[in-house]
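Dumped upload09.cif below, it's mmCIF, C-alpha atoms:
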```cif
data_structure
#
loop_
_atom_site.label_atom_id
_atom_site.label_comp_id
_atom_site.auth_asym_id
_atom_site.auth_seq_id
_atom_site.Cartn_x
_atom_site.Cartn_y
_atom_site.Cartn_z
CA MET A 1 -41.60 45.52 13.34
CA ARG A 2 -41.13 41.85 12.54
CA THR A 3 -38.44 42.72 10.05
CA HIS A 4 -36.63 44.74 12.71
CA THR A 5 -36.84 41.88 15.17
CA ALA A 6 -35.48 39.48 12.60
CA THR A 7 -32.62 41.85 11.79
CA VAL A 8 -31.73 42.29 15.45
CA LEU A 9 -31.78 38.54 16.06
CA THR A 10 -29.63 37.93 13.00
CA LEU A 11 -27.11 40.52 14.14
CA LEU A 12 -27.05 39.02 17.63
CA SER A 13 -26.37 35.58 16.20
CA LEU A 14 -23.57 36.94 14.04
CA GLY A 15 -22.13 38.73 17.07
CA LEU A 16 -22.17 35.54 19.09
CA MET A 17 -20.38 33.69 16.30
CA LEU A 18 -17.75 36.36 15.73
CA SER A 19 -17.04 37.34 19.34
CA PRO A 20 -14.24 34.75 19.88
CA LEU A 21 -12.51 35.99 16.73
CA ALA A 22 -12.74 39.59 17.90
CA ALA A 23 -11.33 38.69 21.29
CA HIS A 24 -8.44 36.88 19.63
CA ALA A 25 -7.59 39.95 17.58
CA GLN A 26 -7.02 42.03 20.70
CA GLU A 27 -3.71 42.50 22.52
CA GLN A 28 -1.90 39.30 23.40
CA LYS A 29 -2.36 38.24 26.97
CA VAL A 30 -0.98 35.25 28.79
CA LYS A 31 -2.07 33.83 32.08
CA VAL A 32 0.47 32.25 34.40
CA GLN A 33 -0.07 30.54 37.70
CA VAL A 34 2.34 31.94 40.28
CA GLU A 35 2.85 30.07 43.50
CA VAL A 36 5.11 31.02 46.40
CA VAL A 37 6.33 28.12 48.52
CA LEU A 38 8.45 28.24 51.66
CA ALA A 39 10.82 25.27 51.82
CA SER A 40 12.64 24.67 55.07
CA ASN A 41 13.99 22.05 57.38
CA LYS A 42 11.69 23.04 60.22
CA GLY A 43 9.37 20.14 60.76
CA ASP A 44 7.97 17.97 58.00
CA THR A 45 4.81 19.84 57.10
CA VAL A 46 3.64 19.59 53.51
CA ASP A 47 0.81 22.03 53.12
CA PRO A 48 -1.23 21.60 50.99
CA PRO A 49 -0.68 17.89 50.32
CA GLU A 50 -0.27 18.52 46.58
CA LEU A 51 3.16 19.92 47.38
CA ALA A 52 4.30 16.36 48.07
CA GLN A 53 5.09 16.11 44.35
CA MET A 54 7.26 19.19 44.60
CA LYS A 55 8.98 17.79 47.67
CA GLU A 56 9.70 14.58 45.78
CA LYS A 57 11.14 16.48 42.83
CA PHE A 58 13.46 18.41 45.11
CA ARG A 59 14.44 15.26 46.99
CA LYS A 60 15.45 13.61 43.71
CA GLN A 61 17.69 16.60 43.02
CA ASN A 62 19.44 16.09 46.37
CA PHE A 63 17.68 18.85 48.23
CA SER A 64 16.99 17.93 51.82
CA PHE A 65 14.10 20.26 52.60
CA THR A 66 11.61 18.53 54.86
CA SER A 67 8.86 21.15 54.99
CA PHE A 68 7.00 22.73 52.08
CA LYS A 69 4.35 25.34 52.76
CA ARG A 70 2.37 27.21 50.15
CA LEU A 71 2.26 30.89 51.03
CA SER A 72 0.30 32.14 48.04
CA LEU A 73 -1.24 30.96 44.81
CA ASP A 74 -2.35 33.40 42.16
CA THR A 75 -3.01 33.47 38.45
CA VAL A 76 -1.64 36.63 36.92
CA GLU A 77 -2.24 37.99 33.44
CA LEU A 78 0.77 39.22 31.54
CA VAL A 79 0.57 41.66 28.66
CA THR A 80 3.26 42.68 26.23
CA ALA A 81 5.80 45.25 27.44
CA LYS A 82 4.11 45.83 30.77
CA PRO A 83 5.65 44.03 33.75
CA THR A 84 3.44 42.53 36.40
CA GLU A 85 4.76 42.50 39.94
CA VAL A 86 4.23 39.79 42.50
CA ARG A 87 4.90 40.70 46.12
CA LEU A 88 6.92 38.05 47.93
CA PRO A 89 6.69 37.51 51.71
CA ASN A 90 10.30 38.66 52.18
CA GLY A 91 9.42 42.13 50.87
CA VAL A 92 10.87 41.62 47.44
CA ASN A 93 8.76 42.25 44.33
CA ALA A 94 9.20 39.68 41.62
CA SER A 95 8.61 41.08 38.16
CA LEU A 96 6.99 39.06 35.39
CA LYS A 97 7.04 40.30 31.83
CA LEU A 98 5.74 38.90 28.57
CA LEU A 99 8.73 39.20 26.26
CA ASP A 100 7.56 37.58 23.09
CA PHE A 101 4.68 35.69 21.54
CA LYS A 102 5.46 33.58 18.50
CA GLU A 103 3.50 30.70 17.01
CA GLY A 104 1.39 30.41 20.10
CA ILE A 105 4.36 30.16 22.44
CA ALA A 106 4.85 32.93 24.97
CA THR A 107 8.26 33.85 26.31
CA VAL A 108 8.22 35.25 29.82
CA ARG A 109 10.95 36.93 31.85
CA VAL A 110 10.92 36.58 35.62
CA GLU A 111 13.15 38.94 37.57
CA ILE A 112 13.74 38.51 41.26
CA PRO A 113 15.86 41.41 42.59
CA ARG A 114 19.12 40.38 44.25
CA GLN A 115 18.58 36.85 43.02
CA SER A 116 18.15 35.92 39.38
CA GLY A 117 16.41 36.62 36.15
CA VAL A 118 15.02 33.81 34.04
CA ASP A 119 13.66 33.76 30.49
CA MET A 120 11.36 30.86 29.78
CA GLU A 121 9.04 29.59 27.11
CA LEU A 122 5.67 28.56 28.43
CA GLY A 123 4.43 25.06 27.80
CA ARG A 124 1.56 22.83 28.72
CA GLN A 125 3.55 20.55 31.02
CA GLY A 126 5.97 21.03 33.85
CA ALA A 127 6.77 24.01 36.02
CA VAL A 128 9.70 26.27 36.75
CA TYR A 129 10.89 26.44 40.35
CA GLN A 130 12.99 29.53 40.96
CA ARG A 131 14.74 30.36 44.18
CA ALA A 132 13.41 33.69 45.45
CA GLY A 133 15.50 34.36 48.56
CA ARG A 134 15.53 33.50 52.21
CA HIS A 135 12.60 33.92 54.53
CA VAL A 136 12.05 32.98 58.20
CA GLY A 137 14.68 30.27 58.27
CA GLY A 138 13.77 28.75 54.93
CA GLU A 139 13.93 29.40 51.24
CA LEU A 140 11.22 31.02 49.19
CA ILE A 141 10.57 29.30 45.89
CA LEU A 142 8.62 30.94 43.09
CA VAL A 143 6.75 28.35 41.05
CA LEU A 144 5.49 29.20 37.59
CA SER A 145 3.13 26.80 35.88
CA PRO A 146 0.25 26.78 33.39
CA PRO A 147 -3.00 28.09 34.85
CA ALA A 148 -5.35 25.47 36.21
CA LYS A 149 -8.35 24.81 33.93
CA MET B 1 -95.32 30.26 -25.32
CA ALA B 2 -96.23 27.19 -23.32
CA GLY B 3 -99.64 25.65 -23.45
CA ASN B 4 -99.35 24.11 -20.06
CA PRO B 5 -99.29 26.80 -17.31
CA ALA B 6 -96.98 24.61 -15.26
CA CYS B 7 -94.41 24.78 -18.08
CA GLU B 8 -93.99 28.51 -17.54
CA ARG B 9 -92.61 27.72 -14.10
CA PHE B 10 -90.24 24.99 -15.28
CA ILE B 11 -88.93 26.40 -18.55
CA PRO B 12 -86.49 28.85 -16.87
CA LEU B 13 -85.19 25.99 -14.74
CA LEU B 14 -84.41 23.68 -17.65
CA SER B 15 -81.05 25.22 -18.57
CA PRO B 16 -79.73 25.15 -14.96
CA TYR B 17 -81.06 21.60 -14.71
CA ILE B 18 -79.11 20.54 -17.77
CA ASP B 19 -75.99 22.16 -16.35
CA GLY B 20 -76.53 20.50 -12.94
CA GLU B 21 -76.97 23.77 -11.15
CA VAL B 22 -80.30 23.13 -9.38
CA SER B 23 -80.93 21.91 -5.84
CA PRO B 24 -81.95 18.27 -5.27
CA THR B 25 -85.56 19.29 -4.44
CA GLU B 26 -85.88 21.33 -7.64
CA ARG B 27 -84.29 18.50 -9.58
CA VAL B 28 -86.95 16.07 -8.31
CA ASN B 29 -89.73 18.50 -9.21
CA ILE B 30 -88.34 19.14 -12.69
CA GLU B 31 -87.91 15.45 -13.43
CA ARG B 32 -91.48 14.81 -12.22
CA HIS B 33 -92.72 17.53 -14.61
CA LEU B 34 -90.62 16.21 -17.49
CA SER B 35 -92.07 12.76 -17.08
CA ALA B 36 -95.53 14.21 -17.62
CA CYS B 37 -94.78 16.98 -20.19
CA LYS B 38 -93.62 16.04 -23.67
CA ALA B 39 -93.04 19.69 -24.66
CA CYS B 40 -90.61 20.34 -21.83
CA THR B 41 -88.91 16.99 -22.46
CA GLY B 42 -88.30 18.17 -26.02
CA ARG B 43 -87.01 21.52 -24.76
CA ALA B 44 -84.63 19.75 -22.40
CA ALA B 45 -83.36 17.54 -25.21
CA ASP B 46 -82.72 20.61 -27.36
CA LEU B 47 -80.83 22.27 -24.53
CA ARG B 48 -78.69 19.13 -24.04
CA ALA B 49 -77.87 19.06 -27.69
CA GLU B 50 -76.89 22.76 -27.68
CA SER B 51 -74.73 22.26 -24.62
CA GLY B 52 -73.01 19.24 -26.18
CA LEU B 53 -72.34 21.14 -29.40
CA LEU B 54 -70.95 24.07 -27.46
CA ARG B 55 -68.66 21.79 -25.42
CA VAL B 56 -67.33 20.07 -28.52
CA GLY B 57 -66.73 23.41 -30.20
CA LEU B 58 -64.84 24.75 -27.21
CA GLU B 59 -62.75 21.58 -26.93
CA MET B 60 -61.81 21.89 -30.57
CA ALA B 61 -60.84 25.53 -29.98
CA VAL B 62 -58.78 24.59 -26.93
CA ASP B 63 -56.96 21.85 -28.83
CA GLU B 64 -55.66 24.44 -31.23
CA VAL B 65 -54.01 26.43 -28.43
CA ASP B 66 -50.39 25.55 -27.45
CA PHE B 67 -50.25 25.23 -23.63
CA LYS B 68 -46.54 24.35 -23.51
CA ASP B 69 -44.70 26.39 -20.79
CA PHE B 70 -48.03 27.93 -19.86
CA ALA B 71 -47.14 28.20 -16.16
CA GLN B 72 -43.74 29.76 -16.88
CA LYS B 73 -45.27 32.28 -19.24
CA VAL B 74 -47.90 33.25 -16.70
CA MET B 75 -45.33 33.53 -13.88
CA ALA B 76 -43.06 35.56 -16.13
CA ARG B 77 -45.85 38.06 -16.52
CA VAL B 78 -46.63 38.01 -12.80
CA THR B 79 -42.96 38.64 -11.72
CA PRO B 80 -41.31 40.29 -14.70
CA GLU B 81 -37.91 40.81 -12.88
CA LYS B 82 -36.13 39.29 -9.88
CA PRO B 83 -35.65 41.54 -6.85
CA PRO B 84 -32.09 42.02 -5.49
CA VAL B 85 -30.54 39.30 -3.35
CA LEU B 86 -30.77 41.32 -0.12
CA GLU B 87 -34.39 42.10 -0.78
CA ARG B 88 -35.15 38.44 -1.43
CA LEU B 89 -33.26 37.49 1.73
CA ARG B 90 -35.18 40.07 3.73
CA LEU B 91 -38.47 38.81 2.28
CA SER B 92 -37.55 35.20 3.02
CA LEU B 93 -36.61 36.04 6.59
CA SER B 94 -39.71 38.12 7.16
CA GLU B 95 -41.88 35.33 5.73
CA LEU B 96 -40.10 32.78 7.90
CA PHE B 97 -40.67 34.90 10.99
CA LEU B 98 -44.26 35.58 9.89
CA TYR B 99 -45.39 32.07 9.15
CA HIS B 100 -42.96 30.00 11.25
CA ARG B 101 -42.38 32.39 14.10
CA THR B 102 -42.33 29.81 16.88
CA ALA B 103 -40.02 27.48 14.99
CA MET B 104 -37.65 30.33 14.12
CA PHE B 105 -37.49 31.72 17.64
CA SER B 106 -36.95 28.29 19.16
CA SER B 107 -34.26 27.51 16.56
CA LEU B 108 -32.46 30.77 17.29
CA ALA B 109 -32.71 30.24 21.02
CA THR B 110 -31.39 26.70 20.68
CA ALA B 111 -28.50 27.87 18.50
CA ALA B 112 -27.62 30.61 20.99
CA VAL B 113 -27.66 28.21 23.93
CA LEU B 114 -25.59 25.67 22.00
CA MET B 115 -23.01 28.31 21.17
CA LEU B 116 -22.89 29.57 24.73
CA VAL B 117 -22.25 26.02 25.92
CA ALA B 118 -20.03 24.83 23.09
CA ILE B 119 -17.64 27.79 22.92
CA PRO B 120 -16.44 27.56 26.55
CA LEU B 121 -16.15 23.78 26.20
CA LEU B 122 -14.08 24.08 23.04
CA MET B 123 -11.96 26.83 24.52
CA GLY B 124 -11.53 24.79 27.71
CA ASN B 125 -10.22 21.76 25.87
CA ARG B 126 -7.63 23.81 24.07
CA ALA B 127 -4.31 24.75 25.62
CA PRO B 128 -4.34 28.16 27.29
CA VAL B 129 -3.19 31.06 25.13
CA GLY B 130 0.60 31.12 24.94
CA TYR B 131 1.06 27.47 25.89
CA ALA B 132 1.49 25.92 22.45
CA GLY B 133 4.81 24.45 23.57
CA GLU B 134 4.78 20.98 25.03
CA ARG B 135 6.63 21.88 28.22
CA MET B 136 8.02 24.83 30.12
CA THR B 137 11.49 25.54 28.78
CA VAL B 138 14.08 27.73 30.46
CA GLN B 139 16.03 29.71 27.88
CA ALA B 140 18.37 31.88 29.93
CA VAL B 141 19.31 32.45 33.54
CA ARG B 142 21.03 35.54 34.91
CA THR B 143 22.37 36.21 38.37
CA TYR B 144 22.72 39.67 39.80
CA ASP B 145 26.03 39.06 41.49
CA PRO B 146 27.92 36.41 39.57
CA ALA B 147 30.86 36.71 41.93
CA LYS B 148 28.78 35.54 44.86
CA LEU B 149 25.77 33.80 43.34
CA ALA B 150 26.08 30.92 40.96
CA PRO B 151 23.07 29.52 39.07
CA VAL B 152 22.33 25.83 39.07
CA VAL B 153 19.71 24.55 36.64
CA MET B 154 18.22 21.13 37.20
CA GLU B 155 15.66 19.30 35.11
CA THR B 156 13.29 16.85 36.71
CA ASP B 157 11.72 13.71 35.32
CA ASP B 158 8.45 15.40 34.35
CA GLY B 159 10.08 18.23 32.42
CA SER B 160 10.05 20.75 35.23
CA THR B 161 13.06 22.92 35.92
CA ILE B 162 14.58 23.94 39.25
CA ILE B 163 16.67 27.08 39.18
CA TRP B 164 18.78 27.42 42.27
CA LEU B 165 21.37 29.96 43.27
CA VAL B 166 24.32 28.85 45.27
CA ASP B 167 25.65 31.45 47.71
CA GLN B 168 29.35 31.16 47.30
CA ASP B 169 29.89 33.13 50.50
CA ALA B 170 27.42 31.11 52.50
CA HIS B 171 29.98 28.65 53.78
CA SER B 172 33.01 30.86 53.90
CA HIS B 173 31.40 33.93 55.47
CA GLY B 174 27.99 32.76 56.66
CA ALA B 175 26.43 35.72 54.90
CA SER B 176 23.00 36.00 53.40
CA PRO B 177 22.60 36.54 49.62
CA VAL B 178 24.69 39.44 48.57
CA LEU B 179 23.22 42.53 46.94
CA GLY B 180 24.07 43.06 43.36
CA ASP B 181 22.96 45.24 40.52
CA GLU B 182 21.85 44.33 37.10
CA ALA B 183 24.91 45.79 35.41
CA ASP B 184 26.98 43.01 36.92
CA SER B 185 24.61 40.33 35.87
CA ASP B 186 25.97 37.19 34.38
CA GLU B 187 23.81 35.57 31.74
CA LEU B 188 23.83 31.85 31.29
CA GLU B 189 22.42 30.81 27.96
CA LEU B 190 21.04 27.32 28.11
CA GLU B 191 21.38 24.78 25.39
CA GLU B 192 18.68 22.23 24.91
CA ALA B 193 19.12 19.65 27.61
CA PRO B 194 18.62 16.00 26.80
CA ALA B 195 15.39 14.55 28.05
CA GLY B 196 15.68 12.84 31.40
CA ASN B 197 18.81 14.64 32.38
CA THR B 198 18.27 15.16 36.06
CA ALA B 199 21.80 15.85 37.08
CA PRO B 200 22.49 19.41 38.23
CA LYS B 201 24.55 21.37 35.77
CA PRO B 202 27.80 22.42 37.36
CA PRO B 203 27.69 26.05 38.39
CA PRO B 204 30.45 28.31 37.25
CA ALA B 205 33.14 28.92 39.87
CA GLN B 206 31.47 26.44 42.15
CA LYS B 207 33.50 23.33 41.62
CA GLU B 208 34.21 22.64 45.27
CA GLU B 209 30.55 22.94 46.27
CA PRO B 210 28.75 19.68 47.02
CA ALA B 211 25.43 18.84 45.40
CA PRO B 212 22.67 21.22 46.56
CA LYS B 213 21.34 20.42 49.99
CA GLY B 214 18.29 22.31 51.02
CA GLY B 215 18.85 24.71 53.86
CA SER B 216 22.58 24.26 53.95
CA LEU B 217 23.47 26.05 50.78
#
```
Mind converting the file's structure to structure tokens?
Amino acid sequence: MRTHTATVLTLLSLGLMLSPLAAHAQEQKVKVQVEVVLASNKGDTVDPPELAQMKEKFRKQNFSFTSFKRLSLDTVELVTAKPTEVRLPNGVNASLKLLDFKEGIATVRVEIPRQSGVDMELGRQGAVYQRAGRHVGGELILVLSPPAK
Amino acid sequence: MAGNPACERFIPLLSPYIDGEVSPTERVNIERHLSACKACTGRAADLRAESGLLRVGLEMAVDEVDFKDFAQKVMARVTPEKPPVLERLRLSLSELFLYHRTAMFSSLATAAVLMLVAIPLLMGNRAPVGYAGERMTVQAVRTYDPAKLAPVVMETDDGSTIIWLVDQDAHSHGASPVLGDEADSDELELEEAPAGNTAPKPPPAQKEEPAPKGGSL
């Protein structure tokens, strides 16, 4: 009985130690934070206040949007060869696909119908702001960034 | 055998007395009798002499024996062959859990808790999976209707990228973004941009357009 208990505990300990390795050996998955922001010239609302940084970046690039409103914020998981769709407020479905995974760097393709397709390598810093079409008198912007910790 | 009747009682006790095997009360009684009985005193002296001779003889016999590696020789006879490694491991573990059960269980519990705490912390400090690159890097941009939509790629100070599409018909026709299909897509391969370059890259076929102005594109 004691021998069995010792064996079970030993196996449990080994399982605990090896579980991260087993998880790593599974199919590659990448998490991306996807944010949809409506930029417009109606009013000067910046909601939430963190979007003030985004507003400043756009101002420095000569954009004159005065209002930035976050419409959605999600973290989506991308797997190889299986696109993930993100529904935009203007009825368009943006498609995100994990194209490649080399040396720890994931390459992701973002397709926005009628607009543009972008291939990007993910990195720890920065974000990619992609125009996603017009919506209620403003412009929808799809923001891709690393997932929050 | 003994003239004194009291001697018959003490004679059998003389040998244990010499060997120190009697109780303190008996010892006192024997010594009291010996002080008064010359015959028993002589018997006790003879017994002491025999015992001393025997001890000397045994010591001489022992000196002739070689006791070098005695323990190893005895242990070699006790465990003639080593059990397999797994068996020894199993025995060690079972003995540990048998004799140090509390210590073993608390050690295992502590190790499990430490791992449960340490693994998420270590994983949390690392970059998320797929983010080994230092910054987000745009590699290629395609538009679905290159005749009417022109891509503009701008890099900001912090390494972010703004990808904007300029509606070439917006000013001339006042139309919303034009439908296009993927077959007509125009791919713009990006070269590595110098750090800090914040100026918009000129869009193809867009030379007369002013710099992007939000809402009036």
Chain and number of each residue from the PyMOL selection byres ((chain B and resi 7-18) around 7), as a ChimeraX atom specification | /B:2,4-6,19-22,27,30,40,44,47-48
Across B:Val28, B:Val74, B:Leu122, B:Ile162, the smallest distance to chain A, with only C-alpha atoms counted, is shown by B:Ile162
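Applying a distance limit of 6 Å to all atoms listed in the file, the residues of chain A near chain B read Thr3, Val30, Asn62, Phe63, Ser64, Phe65, Gly104, Ile105, Ala106, Arg114, Gln115, Ser116, Gly117, Val118, Asp119, Met120, Glu121, Leu122, Gly123, Arg124, Gln125, Gly126, Ala127, Val128, Tyr129, Gln130 and Arg131 of chain A.
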Could you work out how far atom CA of B:Pro120 lies from atom CA of B:Ser106, giving the answer in Å with one decimal?
-> 21.8 Å
Could you name the residues that touch stretch 83-89 of chain A at 12 Å or less, counting all atoms listed in the file, but leaving out those on the same chain fewer than 6 positions away, as a VMD selection string?
-> chain A and resid 29 to 38 70 to 77 95 to 99 108 to 113 131 to 136 138 to 144
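Closest approach to A:Thr66 from the set A:Ala94, A:Ala52, A:Ala148, A:Val79 is made by A:Ala52, with distances taken over only C-alpha atoms.
Here atom CA of A:Thr107 is placed at a distance of 11.9 Å from atom CA of A:Gln28.
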